[in-house]
Each structure stands twice: as structure tokens, then as C-alpha cells.
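Have a look at final.pdb; it's PDB, C-alpha atoms:
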```
ATOM      1  CA  MET F   1     -47.515 128.243 162.102
ATOM      2  CA  ARG F   2     -44.219 127.624 160.312
ATOM      3  CA  THR F   3     -41.361 129.305 162.159
ATOM      4  CA  ALA F   4     -37.736 129.931 161.194
ATOM      5  CA  VAL F   5     -35.148 130.791 163.854
ATOM      6  CA  LEU F   6     -31.964 132.447 162.587
ATOM      7  CA  GLY F   7     -29.267 131.616 165.105
ATOM      8  CA  ALA F   8     -28.425 128.334 166.822
ATOM      9  CA  GLY F   9     -26.978 129.708 170.047
ATOM     10  CA  SER F  10     -28.428 128.982 173.470
ATOM     11  CA  TRP F  11     -31.374 131.412 173.348
ATOM     12  CA  GLY F  12     -32.242 130.855 169.684
ATOM     13  CA  THR F  13     -32.243 127.074 170.139
ATOM     14  CA  THR F  14     -34.214 127.345 173.374
ATOM     15  CA  PHE F  15     -36.851 129.548 171.776
ATOM     16  CA  ALA F  16     -37.114 127.052 168.931
ATOM     17  CA  LYS F  17     -37.829 124.360 171.535
ATOM     18  CA  VAL F  18     -40.427 126.632 173.184
ATOM     19  CA  VAL F  19     -42.252 127.153 169.888
ATOM     20  CA  GLY F  20     -41.944 123.475 169.009
ATOM     21  CA  ASP F  21     -43.353 122.437 172.377
ATOM     22  CA  ALA F  22     -46.300 124.731 171.688
ATOM     23  CA  GLY F  23     -47.063 122.482 168.703
ATOM     24  CA  ASN F  24     -45.476 124.407 165.827
ATOM     25  CA  PRO F  25     -42.879 123.204 163.275
ATOM     26  CA  VAL F  26     -39.586 125.090 163.614
ATOM     27  CA  THR F  27     -36.515 125.250 161.372
ATOM     28  CA  VAL F  28     -33.322 126.611 162.909
ATOM     29  CA  TRP F  29     -30.672 128.176 160.701
ATOM     30  CA  ALA F  30     -27.207 127.152 161.934
ATOM     31  CA  ARG F  31     -23.909 128.239 160.412
ATOM     32  CA  ARG F  32     -22.116 124.954 161.081
ATOM     33  CA  ASP F  33     -23.040 121.652 159.432
ATOM     34  CA  GLU F  34     -22.345 119.627 162.554
ATOM     35  CA  VAL F  35     -24.725 121.753 164.638
ATOM     36  CA  ALA F  36     -27.511 121.487 162.052
ATOM     37  CA  ARG F  37     -27.050 117.719 161.804
ATOM     38  CA  GLU F  38     -27.109 117.266 165.562
ATOM     39  CA  ILE F  39     -30.298 119.318 165.967
ATOM     40  CA  THR F  40     -32.060 117.431 163.160
ATOM     41  CA  GLU F  41     -30.760 113.910 163.767
ATOM     42  CA  LYS F  42     -30.253 113.799 167.537
ATOM     43  CA  GLY F  43     -32.642 116.512 168.696
ATOM     44  CA  THR F  44     -30.004 118.236 170.833
ATOM     45  CA  ASN F  45     -27.580 121.158 170.656
ATOM     46  CA  SER F  46     -24.911 119.918 173.035
ATOM     47  CA  ALA F  47     -22.579 122.888 172.594
ATOM     48  CA  TYR F  48     -25.094 125.167 174.308
ATOM     49  CA  LEU F  49     -27.762 123.038 176.007
ATOM     50  CA  GLY F  50     -26.093 119.727 176.740
ATOM     51  CA  ASP F  51     -28.346 116.711 176.313
ATOM     52  CA  ILE F  52     -31.638 118.599 176.755
ATOM     53  CA  PRO F  53     -34.073 117.234 174.128
ATOM     54  CA  LEU F  54     -35.426 119.847 171.707
ATOM     55  CA  GLY F  55     -38.515 117.886 170.664
ATOM     56  CA  HIS F  56     -39.675 116.384 167.397
ATOM     57  CA  ASN F  57     -40.923 119.702 165.953
ATOM     58  CA  VAL F  58     -37.425 121.228 165.725
ATOM     59  CA  SER F  59     -35.046 120.679 162.793
ATOM     60  CA  ALA F  60     -32.136 122.682 161.364
ATOM     61  CA  GLN F  61     -30.638 123.892 158.069
ATOM     62  CA  THR F  62     -27.378 125.564 157.070
ATOM     63  CA  ASP F  63     -29.102 127.180 154.080
ATOM     64  CA  ALA F  64     -30.771 130.361 155.331
ATOM     65  CA  ALA F  65     -33.046 130.666 152.282
ATOM     66  CA  ALA F  66     -34.302 127.112 152.782
ATOM     67  CA  ALA F  67     -34.904 127.749 156.476
ATOM     68  CA  LEU F  68     -36.872 130.912 155.708
ATOM     69  CA  ALA F  69     -38.976 129.491 152.878
ATOM     70  CA  ASP F  70     -42.736 129.798 153.500
ATOM     71  CA  SER F  71     -42.241 130.839 157.120
ATOM     72  CA  ASP F  72     -45.074 132.640 158.873
ATOM     73  CA  VAL F  73     -42.778 133.851 161.648
ATOM     74  CA  VAL F  74     -39.050 134.635 161.466
ATOM     75  CA  VAL F  75     -37.187 134.761 164.781
ATOM     76  CA  LEU F  76     -33.839 136.573 164.922
ATOM     77  CA  ALA F  77     -31.339 135.306 167.506
ATOM     78  CA  VAL F  78     -27.981 136.529 166.203
ATOM     79  CA  PRO F  79     -25.494 138.821 168.027
ATOM     80  CA  ALA F  80     -26.865 142.344 168.217
ATOM     81  CA  GLN F  81     -23.823 143.958 166.621
ATOM     82  CA  SER F  82     -23.959 141.663 163.584
ATOM     83  CA  LEU F  83     -27.739 141.908 163.086
ATOM     84  CA  ARG F  84     -27.576 144.399 160.218
ATOM     85  CA  ASP F  85     -25.050 142.321 158.263
ATOM     86  CA  ASN F  86     -27.063 139.138 158.813
ATOM     87  CA  LEU F  87     -30.268 140.806 157.653
ATOM     88  CA  GLU F  88     -28.629 142.170 154.519
ATOM     89  CA  ALA F  89     -27.470 138.648 153.695
ATOM     90  CA  VAL F  90     -30.968 137.120 153.953
ATOM     91  CA  ALA F  91     -33.178 140.092 153.038
ATOM     92  CA  ALA F  92     -34.185 138.644 149.654
ATOM     93  CA  SER F  93     -35.378 135.435 151.324
ATOM     94  CA  LEU F  94     -37.512 137.039 154.042
ATOM     95  CA  PRO F  95     -41.210 136.307 153.422
ATOM     96  CA  PRO F  96     -42.771 139.788 153.058
ATOM     97  CA  GLU F  97     -45.862 138.993 155.156
ATOM     98  CA  ALA F  98     -44.033 137.176 157.947
ATOM     99  CA  VAL F  99     -43.962 138.433 161.515
ATOM    100  CA  ILE F 100     -40.350 139.139 162.506
ATOM    101  CA  VAL F 101     -39.378 138.527 166.132
ATOM    102  CA  SER F 102     -36.267 139.909 167.838
ATOM    103  CA  LEU F 103     -34.736 137.961 170.718
ATOM    104  CA  MET F 104     -31.735 140.307 170.939
ATOM    105  CA  LYS F 105     -31.024 142.593 173.865
ATOM    106  CA  GLY F 106     -28.608 145.226 172.692
ATOM    107  CA  ILE F 107     -28.114 148.634 171.101
ATOM    108  CA  GLU F 108     -26.315 148.983 167.766
ATOM    109  CA  ARG F 109     -23.028 150.696 168.544
ATOM    110  CA  THR F 110     -22.605 152.542 165.250
ATOM    111  CA  THR F 111     -26.104 154.085 165.187
ATOM    112  CA  GLY F 112     -27.544 153.901 168.723
ATOM    113  CA  LYS F 113     -30.616 152.166 167.310
ATOM    114  CA  ARG F 114     -32.692 149.535 169.056
ATOM    115  CA  MET F 115     -32.937 146.115 167.438
ATOM    116  CA  SER F 116     -36.478 146.583 166.102
ATOM    117  CA  GLU F 117     -35.344 149.831 164.475
ATOM    118  CA  VAL F 118     -32.414 148.061 162.820
ATOM    119  CA  ILE F 119     -34.770 145.359 161.527
ATOM    120  CA  ALA F 120     -37.226 147.850 160.050
ATOM    121  CA  GLU F 121     -34.445 149.957 158.499
ATOM    122  CA  SER F 122     -32.524 147.010 157.048
ATOM    123  CA  THR F 123     -35.469 145.083 155.618
ATOM    124  CA  GLY F 124     -38.121 147.712 154.929
ATOM    125  CA  HIS F 125     -40.498 145.496 156.905
ATOM    126  CA  ASP F 126     -43.679 147.072 158.309
ATOM    127  CA  PRO F 127     -42.829 147.993 161.960
ATOM    128  CA  SER F 128     -46.265 146.817 163.034
ATOM    129  CA  ARG F 129     -45.198 143.290 161.979
ATOM    130  CA  ILE F 130     -42.050 143.354 164.134
ATOM    131  CA  ALA F 131     -42.159 142.023 167.705
ATOM    132  CA  VAL F 132     -39.595 141.763 170.501
ATOM    133  CA  VAL F 133     -39.371 139.146 173.244
ATOM    134  CA  SER F 134     -37.806 140.092 176.567
ATOM    135  CA  GLY F 135     -37.936 139.383 180.271
ATOM    136  CA  PRO F 136     -36.128 136.977 182.592
ATOM    137  CA  ASN F 137     -34.985 134.695 179.761
ATOM    138  CA  LEU F 138     -32.107 132.591 181.094
ATOM    139  CA  ALA F 139     -31.999 130.087 178.268
ATOM    140  CA  LYS F 140     -30.907 126.934 180.056
ATOM    141  CA  GLU F 141     -33.608 127.204 182.725
ATOM    142  CA  ILE F 142     -36.265 127.599 180.044
ATOM    143  CA  ALA F 143     -34.830 124.702 178.039
ATOM    144  CA  GLN F 144     -35.117 122.624 181.219
ATOM    145  CA  GLU F 145     -38.824 123.560 181.181
ATOM    146  CA  GLN F 146     -38.700 125.541 184.404
ATOM    147  CA  PRO F 147     -41.787 127.825 184.645
ATOM    148  CA  THR F 148     -41.040 131.199 183.068
ATOM    149  CA  ALA F 149     -43.006 134.346 182.222
ATOM    150  CA  THR F 150     -41.910 136.751 179.499
ATOM    151  CA  VAL F 151     -43.087 139.769 177.505
ATOM    152  CA  VAL F 152     -43.879 140.001 173.799
ATOM    153  CA  ALA F 153     -44.051 143.607 172.613
ATOM    154  CA  ALA F 154     -45.101 145.040 169.259
ATOM    155  CA  PRO F 155     -46.596 148.351 168.099
ATOM    156  CA  ASP F 156     -49.707 146.417 167.010
ATOM    157  CA  VAL F 157     -51.095 144.240 169.802
ATOM    158  CA  ARG F 158     -52.344 141.761 167.182
ATOM    159  CA  THR F 159     -48.744 141.045 166.198
ATOM    160  CA  ALA F 160     -47.796 140.549 169.841
ATOM    161  CA  GLU F 161     -50.734 138.145 170.235
ATOM    162  CA  ILE F 162     -49.557 136.080 167.249
ATOM    163  CA  VAL F 163     -46.137 135.588 168.846
ATOM    164  CA  ALA F 164     -47.642 134.952 172.281
ATOM    165  CA  GLU F 165     -49.932 132.275 170.897
ATOM    166  CA  LEU F 166     -47.052 130.779 168.936
ATOM    167  CA  SER F 167     -44.861 130.362 172.031
ATOM    168  CA  ALA F 168     -47.285 129.736 174.915
ATOM    169  CA  ASN F 169     -46.924 126.262 176.367
ATOM    170  CA  SER F 170     -47.034 124.472 179.711
ATOM    171  CA  TYR F 171     -43.845 126.089 181.036
ATOM    172  CA  PHE F 172     -43.586 129.342 179.038
ATOM    173  CA  ARG F 173     -46.141 132.108 179.651
ATOM    174  CA  PRO F 174     -45.936 135.208 177.431
ATOM    175  CA  TYR F 175     -47.628 138.518 178.302
ATOM    176  CA  THR F 176     -48.279 141.092 175.561
ATOM    177  CA  ASN F 177     -47.294 144.749 175.540
ATOM    178  CA  THR F 178     -47.209 147.595 173.016
ATOM    179  CA  ASP F 179     -44.359 149.525 174.679
ATOM    180  CA  VAL F 180     -41.555 148.380 172.388
ATOM    181  CA  VAL F 181     -39.221 151.180 173.490
ATOM    182  CA  GLY F 182     -39.499 150.283 177.176
ATOM    183  CA  VAL F 183     -39.150 146.560 176.586
ATOM    184  CA  GLU F 184     -36.072 146.910 174.369
ATOM    185  CA  LEU F 185     -34.311 149.441 176.594
ATOM    186  CA  GLY F 186     -34.998 147.347 179.687
ATOM    187  CA  GLY F 187     -33.375 144.370 177.971
ATOM    188  CA  ALA F 188     -30.352 146.302 176.728
ATOM    189  CA  VAL F 189     -29.468 148.443 179.740
ATOM    190  CA  LYS F 190     -29.813 145.616 182.280
ATOM    191  CA  ASN F 191     -26.803 143.952 180.626
ATOM    192  CA  VAL F 192     -24.681 146.960 181.543
ATOM    193  CA  ILE F 193     -26.008 146.984 185.112
ATOM    194  CA  ALA F 194     -25.278 143.240 185.372
ATOM    195  CA  LEU F 195     -21.659 143.942 184.414
ATOM    196  CA  ALA F 196     -21.464 146.357 187.360
ATOM    197  CA  VAL F 197     -22.959 143.762 189.707
ATOM    198  CA  GLY F 198     -20.469 141.202 188.406
ATOM    199  CA  MET F 199     -17.643 143.640 189.092
ATOM    200  CA  CYS F 200     -18.860 143.840 192.707
ATOM    201  CA  ASP F 201     -18.780 140.045 192.842
ATOM    202  CA  GLY F 202     -15.277 139.906 191.436
ATOM    203  CA  GLN F 203     -14.062 142.315 194.112
ATOM    204  CA  GLY F 204     -15.647 140.209 196.851
ATOM    205  CA  LEU F 205     -18.250 142.821 197.762
ATOM    206  CA  GLY F 206     -21.436 141.694 199.499
ATOM    207  CA  ASP F 207     -25.171 141.777 198.881
ATOM    208  CA  ASN F 208     -25.645 145.332 200.153
ATOM    209  CA  SER F 209     -23.363 146.630 197.425
ATOM    210  CA  LYS F 210     -25.034 144.520 194.741
ATOM    211  CA  ALA F 211     -28.557 145.424 195.866
ATOM    212  CA  SER F 212     -27.623 149.102 195.731
ATOM    213  CA  ILE F 213     -26.329 148.756 192.160
ATOM    214  CA  ILE F 214     -29.445 146.817 191.067
ATOM    215  CA  THR F 215     -31.834 149.359 192.616
ATOM    216  CA  ARG F 216     -30.075 152.432 191.287
ATOM    217  CA  GLY F 217     -29.582 150.624 187.993
ATOM    218  CA  LEU F 218     -33.335 150.211 187.665
ATOM    219  CA  ALA F 219     -33.798 153.923 188.349
ATOM    220  CA  GLU F 220     -31.160 154.732 185.728
ATOM    221  CA  THR F 221     -32.810 152.480 183.145
ATOM    222  CA  THR F 222     -36.239 153.940 183.887
ATOM    223  CA  ARG F 223     -35.045 157.538 183.535
ATOM    224  CA  LEU F 224     -33.626 156.798 180.113
ATOM    225  CA  ALA F 225     -36.649 154.815 178.952
ATOM    226  CA  LEU F 226     -39.120 157.507 180.030
ATOM    227  CA  ALA F 227     -37.069 160.187 178.272
ATOM    228  CA  MET F 228     -37.410 158.125 175.086
ATOM    229  CA  GLY F 229     -41.175 157.732 175.372
ATOM    230  CA  ALA F 230     -41.527 154.453 177.279
ATOM    231  CA  GLU F 231     -44.133 153.745 179.932
ATOM    232  CA  ALA F 232     -43.112 153.511 183.592
ATOM    233  CA  HIS F 233     -45.045 150.312 184.289
ATOM    234  CA  THR F 234     -42.985 148.448 181.679
ATOM    235  CA  LEU F 235     -39.790 149.001 183.664
ATOM    236  CA  SER F 236     -41.368 147.735 186.887
ATOM    237  CA  GLY F 237     -42.568 144.580 185.107
ATOM    238  CA  LEU F 238     -41.015 141.462 183.603
ATOM    239  CA  ALA F 239     -39.056 143.254 180.878
ATOM    240  CA  GLY F 240     -37.604 145.733 183.384
ATOM    241  CA  LEU F 241     -37.261 144.634 186.994
ATOM    242  CA  GLY F 242     -37.756 140.930 186.194
ATOM    243  CA  ASP F 243     -35.015 140.774 183.581
ATOM    244  CA  LEU F 244     -32.707 142.956 185.667
ATOM    245  CA  VAL F 245     -32.973 140.708 188.734
ATOM    246  CA  ALA F 246     -32.446 137.497 186.752
ATOM    247  CA  THR F 247     -29.432 138.841 184.865
ATOM    248  CA  CYS F 248     -27.801 140.414 187.912
ATOM    249  CA  ALA F 249     -28.407 137.495 190.290
ATOM    250  CA  SER F 250     -27.901 134.336 188.255
ATOM    251  CA  PRO F 251     -24.562 132.578 187.711
ATOM    252  CA  LEU F 252     -26.030 131.599 184.322
ATOM    253  CA  SER F 253     -25.915 135.269 183.280
ATOM    254  CA  ARG F 254     -23.166 135.899 180.742
ATOM    255  CA  ASN F 255     -22.967 139.604 181.610
ATOM    256  CA  ARG F 256     -22.751 139.087 185.364
ATOM    257  CA  SER F 257     -20.109 136.378 184.892
ATOM    258  CA  PHE F 258     -18.065 138.551 182.511
ATOM    259  CA  GLY F 259     -18.305 141.451 184.958
ATOM    260  CA  GLY F 260     -17.022 139.136 187.674
ATOM    261  CA  LEU F 261     -13.855 138.524 185.677
ATOM    262  CA  LEU F 262     -13.411 142.268 185.148
ATOM    263  CA  GLY F 263     -13.882 142.679 188.902
ATOM    264  CA  THR F 264     -10.825 140.499 189.551
ATOM    265  CA  GLY F 265      -8.751 142.944 187.512
ATOM    266  CA  LEU F 266      -8.788 141.261 184.113
ATOM    267  CA  THR F 267      -9.064 143.430 181.008
ATOM    268  CA  VAL F 268     -11.903 142.943 178.528
ATOM    269  CA  GLU F 269      -9.502 141.119 176.228
ATOM    270  CA  GLU F 270      -8.314 138.808 179.012
ATOM    271  CA  ALA F 271     -11.879 138.090 180.128
ATOM    272  CA  ALA F 272     -12.908 137.351 176.541
ATOM    273  CA  GLU F 273      -9.989 134.954 176.178
ATOM    274  CA  ARG F 274     -11.060 133.204 179.383
ATOM    275  CA  THR F 275     -14.726 132.868 178.349
ATOM    276  CA  LYS F 276     -14.230 132.627 174.556
ATOM    277  CA  GLN F 277     -16.956 135.255 174.133
ATOM    278  CA  VAL F 278     -17.752 138.905 174.910
ATOM    279  CA  ALA F 279     -20.912 139.756 176.838
ATOM    280  CA  GLU F 280     -23.456 141.962 175.044
ATOM    281  CA  GLY F 281     -23.298 144.631 177.757
ATOM    282  CA  VAL F 282     -19.635 145.225 176.933
ATOM    283  CA  LYS F 283     -20.555 146.024 173.351
ATOM    284  CA  SER F 284     -23.661 148.073 174.168
ATOM    285  CA  ALA F 285     -22.387 150.181 177.089
ATOM    286  CA  SER F 286     -20.946 152.990 174.991
ATOM    287  CA  ALA F 287     -24.080 153.094 172.815
ATOM    288  CA  VAL F 288     -26.344 153.277 175.880
ATOM    289  CA  LEU F 289     -24.202 156.084 177.287
ATOM    290  CA  ALA F 290     -24.415 157.988 173.985
ATOM    291  CA  ILE F 291     -28.207 157.634 173.952
ATOM    292  CA  GLY F 292     -28.337 159.008 177.481
ATOM    293  CA  GLU F 293     -26.219 162.010 176.519
ATOM    294  CA  ALA F 294     -28.367 162.643 173.443
ATOM    295  CA  ASN F 295     -31.501 162.646 175.604
ATOM    296  CA  GLY F 296     -30.039 164.651 178.476
ATOM    297  CA  VAL F 297     -30.231 161.729 180.902
ATOM    298  CA  GLU F 298     -27.500 161.123 183.472
ATOM    299  CA  LEU F 299     -26.406 157.459 183.603
ATOM    300  CA  PRO F 300     -23.733 157.231 186.318
ATOM    301  CA  ILE F 301     -23.519 153.424 186.506
ATOM    302  CA  THR F 302     -23.350 153.065 182.731
ATOM    303  CA  GLN F 303     -20.747 155.821 182.598
ATOM    304  CA  ALA F 304     -18.584 154.081 185.195
ATOM    305  CA  VAL F 305     -18.927 150.659 183.561
ATOM    306  CA  SER F 306     -18.047 152.146 180.182
ATOM    307  CA  ALA F 307     -14.947 153.746 181.685
ATOM    308  CA  VAL F 308     -13.825 150.403 183.162
ATOM    309  CA  ILE F 309     -14.369 148.688 179.807
ATOM    310  CA  ASP F 310     -12.337 151.347 178.001
ATOM    311  CA  GLY F 311      -9.530 151.196 180.573
ATOM    312  CA  ARG F 312     -10.139 154.758 181.788
ATOM    313  CA  LEU F 313     -11.161 153.643 185.285
ATOM    314  CA  ARG F 314      -9.755 150.929 187.523
ATOM    315  CA  VAL F 315     -12.425 148.485 188.596
ATOM    316  CA  ASP F 316     -11.684 149.112 192.286
ATOM    317  CA  GLU F 317     -12.499 152.800 191.726
ATOM    318  CA  LEU F 318     -16.041 152.064 190.493
ATOM    319  CA  GLY F 319     -17.728 151.809 193.915
ATOM    320  CA  PRO F 320     -16.044 154.841 195.498
ATOM    321  CA  LEU F 321     -16.790 156.895 192.377
ATOM    322  CA  LEU F 322     -20.526 156.126 192.587
ATOM    323  CA  LEU F 323     -20.634 156.769 196.339
ATOM    324  CA  ALA F 324     -18.854 160.094 195.903
ATOM    325  CA  ARG F 325     -21.733 161.471 193.846
ATOM    326  CA  LYS F 326     -23.686 164.369 195.355
ATOM    327  CA  ARG F 327     -26.259 163.145 197.865
ATOM    328  CA  LYS F 328     -29.906 163.830 197.106
ATOM    329  CA  HIS F 329     -33.434 162.904 198.161
ATOM    330  CA  GLU F 330     -34.629 159.562 196.754
ATOM    331  CA  VAL F 331     -37.806 160.005 194.716
ATOM    332  CA  PRO F 332     -39.628 157.578 192.440
ATOM    333  CA  VAL F 333     -38.915 157.877 188.737
ATOM    334  CA  ARG F 334     -42.065 158.907 186.869
TER     335      ARG F 334
END
```

How would this structure read if it were set down as C-alpha cells?
Amino acid sequence: MRTAVLGAGSWGTTFAKVVGDAGNPVTVWARRDEVAREITEKGTNSAYLGDIPLGHNVSAQTDAAAALADSDVVVLAVPAQSLRDNLEAVAASLPPEAVIVSLMKGIERTTGKRMSEVIAESTGHDPSRIAVVSGPNLAKEIAQEQPTATVVAAPDVRTAEIVAELSANSYFRPYTNTDVVGVELGGAVKNVIALAVGMCDGQGLGDNSKASIITRGLAETTRLALAMGAEAHTLSGLAGLGDLVATCASPLSRNRSFGGLLGTGLTVEEAAERTKQVAEGVKSASAVLAIGEANGVELPITQAVSAVIDGRLRVDELGPLLLARKRKHEVPVR
């Protein structure tokens, strides 16, 4: 199947390699000429993946229309907050029968919509032909061909199966799911929880503190997802617990690393200057909090993280604030 990947960052390029290694031709759309040339001529994307070879099935274009032409599958790997603008720019070139795949893990700040909702609204595409990929997806490990399992979710299981078959190879194992809400919320909220874990790291706190944040973060994510119609088993699977653990524990995690800088006392602006980027959880935190309020779901970790990001709470007040909450009996979220 012919596949186009819009976005030549670490995850977009890695997913292109995954699909190429499964035996499918892939064209990556890159904004910069030098990136497109390197992918096509050298088979690498050194800015993000070093000298890891991408394989002979992967090439690149700077012309989005040319990259999209005659594609059976279109994969979107652009920043979540710029998705709508990117889609409006290429909408006329999207093949109407193509399956659209979202690799993004965020919530649109201005609308509170999930990425699949933004795609359907912006393009008019049939929602049953839109899939999302989530799970423990640390790009560099996958690019290094370390064994990885993931989840492909779509309202129509046949669409999920198309994407699973497209990407399944010797090191990448996709499972299918029809709980799009649960999969997308698991991917978005875990970024906020990872910021909190990073803040613990930055303050020099130990594993007990971080394990507590991860565990209560999973409960917080599950409460919100269930209130929005998700299924509980999704949040205890790869797209929930699996993604949360990987993002909170790995030094490769952008959100955990960014949270670590905030934990040392840096502002968001100072941390962004240090890393030359802003983690997705920083941009999605306020949107996640608004969704929780709209659905009557209390999100104490998200609320605290959002307050740190906005400068309303000192990072060293985050832990005491959470511990000061009213004690209660621990029960499973159902």
C-alpha cells in the first residue's frame, strides 16, 4: 500500500521506517529541502535519528501534494496544536478514499477536541476511515528495531486492521482496538502526568514519589476517559498503562525531560530555550483540565501541573499540595 507521512520529526520518520520495513513504499513530507534530500539520498534523518538507516522503501518530498498523490494511507505526524492549520493547507490533496492515521498525542487547546475529531472536522473525512496509533512509542527505540507493541484504534475494526497490517513487521507488533476515545485520552493525559513525574525528578525526589504520581495519574486518566465513554480495559493496556510507564520512566521522553527542567525551578520559557522545543503536555494541560471540568471529573495532578505551567504554583509546592488533599479509601476506577 502506498503511504504518505506528513511530518519528518522523530516519530513521523520512525513510523515511515516501520511501514517501509513491513514492505510498503512510503513518502515523507518534510518542510525543509535538506531533510527531504537526506532521507531520499542517504536514507537517514540525522537531526532526529542519527545514522539509523530508514530502509530503501522510504523517500521524501517537500511538496505535500506530490507526497499525498495516489496514497492509500495518509499518516499525520505534525504538532497537535498546528494540526488544523496543516490539514487546511493540504485538504484539497487528500485522497478521498485514503485511510488517515493520527500519530499525535494531544488535545486541541482552542476547542478541547481529540486529534481524530479535529481530522474529521477539518477534512470532512468519514470517521470510520480515521485511525489512531498509540502506546509505548518512544521513537528512537523503535527506530533501533527494539521489540515494541502498540495499539491501532478506529471506530471500524476493518480500518484498524488495515493500519495494523500496514505496519506489522519483525520488531513492531500492533494490536487493534475500537475504543478511540480511550486510546486518544490515554495518549494525551499521560504527557501531563509525565511532566509531574519530571518535576519530581528535577526536585531530587525518589521512586516512591514518582510511583505515587504514576499510579494516581493512571486513576485520574481512567476517571476522565470513562466519563467520556471509554472502556476501562483500554486504560489498563498498552495505550494507557503501557504508554504512561514508558513516558514517565524513560529519559528519552520529551515530557518527562521538560518536567525535570521545570522541577529545577526554570520557567516554561526558560525550559523551552534550553531544549529548543516545548513538550506536548505543556500545551495540552489546560485543555485536559477544561475537559475534566466540563465532564465533572476531578483531575488534581493535571490541575497542579497546569498551575505550575501558568506560574500560579511554585514547583516545590506541587507535592505538598497533592498530599494535603482529603484522605479517602482507595477503590478501583470502573

Output check: residues returned by the PyMOL selection byres ((chain F and resi 177) around 7), as number ranges by chain: F: 151-154, 157, 175-176, 178-179

I need the residues from that last selection saved to file as a PDB file, in the frame of the given file (with C-alpha atoms), if you can.
```pdb
ATOM      1  CA  VAL F 151     -43.087 139.769 177.505  1.00  0.00           C
ATOM      2  CA  VAL F 152     -43.879 140.001 173.799  1.00  0.00           C
ATOM      3  CA  ALA F 153     -44.051 143.607 172.613  1.00  0.00           C
ATOM      4  CA  ALA F 154     -45.101 145.040 169.259  1.00  0.00           C
ATOM      5  CA  VAL F 157     -51.095 144.240 169.802  1.00  0.00           C
ATOM      6  CA  TYR F 175     -47.628 138.518 178.302  1.00  0.00           C
ATOM      7  CA  THR F 176     -48.279 141.092 175.561  1.00  0.00           C
ATOM      8  CA  THR F 178     -47.209 147.595 173.016  1.00  0.00           C
ATOM      9  CA  ASP F 179     -44.359 149.525 174.679  1.00  0.00           C
TER      10      ASP F 179
END
```

Hits from the PyMOL selection byres ((chain F and resi 10-25) around 6), listed as a list in words: Met1, Arg2, Gly7, Ala8, Gly9, Val26, Tyr48, Leu54, Asn57, Ala77, Ala139, Ala143, Ser167 and Asn169 of chain F

Answer key for the PyMOL selection byres ((chain F and resi 199) around 9), residues as a count of residues only: 23

Expected residue set, 10 Å radius at (-22.1, 135.7, 171.5), only C-alpha atoms, as a ChimeraX atom specification: /F:9-10,78-81,254,276-280

Who sits within 9 Å of stretch 235-251 of chain F, all atoms listed in the file, same chain under 6 positions skipped, as a ChimeraX atom specification: /F:133-138,149-151,175,182-187,189-191,193-198,210,214,217-218,221-222,225,257

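Between atom CA of F:Thr159 and atom CA of F:Ser116 lies a distance of 13.5 Å.
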
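Minimum distance to F:Arg314 across F:Thr267, F:Ser46, F:Asn255, F:Ser170 (counting all atoms listed in the file) occurs at F:Thr267.
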
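Proximity of F:Arg84, F:Arg312, F:Arg32, F:Lys283 to F:Met115, computed with only C-alpha atoms, is greatest for F:Arg84.
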
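Between atom CA of F:Ile119 and atom CA of F:Glu34 lies a distance of 28.6 Å.
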
From F:Asn208, F:Ser128, F:Ser102, F:Thr27, residue lying nearest F:Asp156 [only C-alpha atoms]: F:Ser128

Closest of F:Ile213, F:Glu270, F:Met228, F:Leu252 to F:Ala304 - atom-to-atom distances counting all atoms listed in the file: F:Ile213

Near-F:Thr40 list (9 Å; all atoms listed in the file; drop same-chain fewer than 6 positions) as JSON, numbers by chain: {"F": [56, 58, 59, 60, 61]}

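Of the residues listed (F:Glu220, F:Asp63, F:Asp70, F:Asp33), F:Asp63 shows the shortest atom-to-atom separation from F:Ala89; distances use all atoms listed in the file.
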
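A straight line drawn from atom CA of F:Thr123 to atom CA of F:Ile100 is 10.3 Å long.
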
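Residue nearest F:Ile291, chosen from F:Leu87, F:Ile107, F:Ala65, F:Ile142 and counting all atoms listed in the file: F:Ile107.
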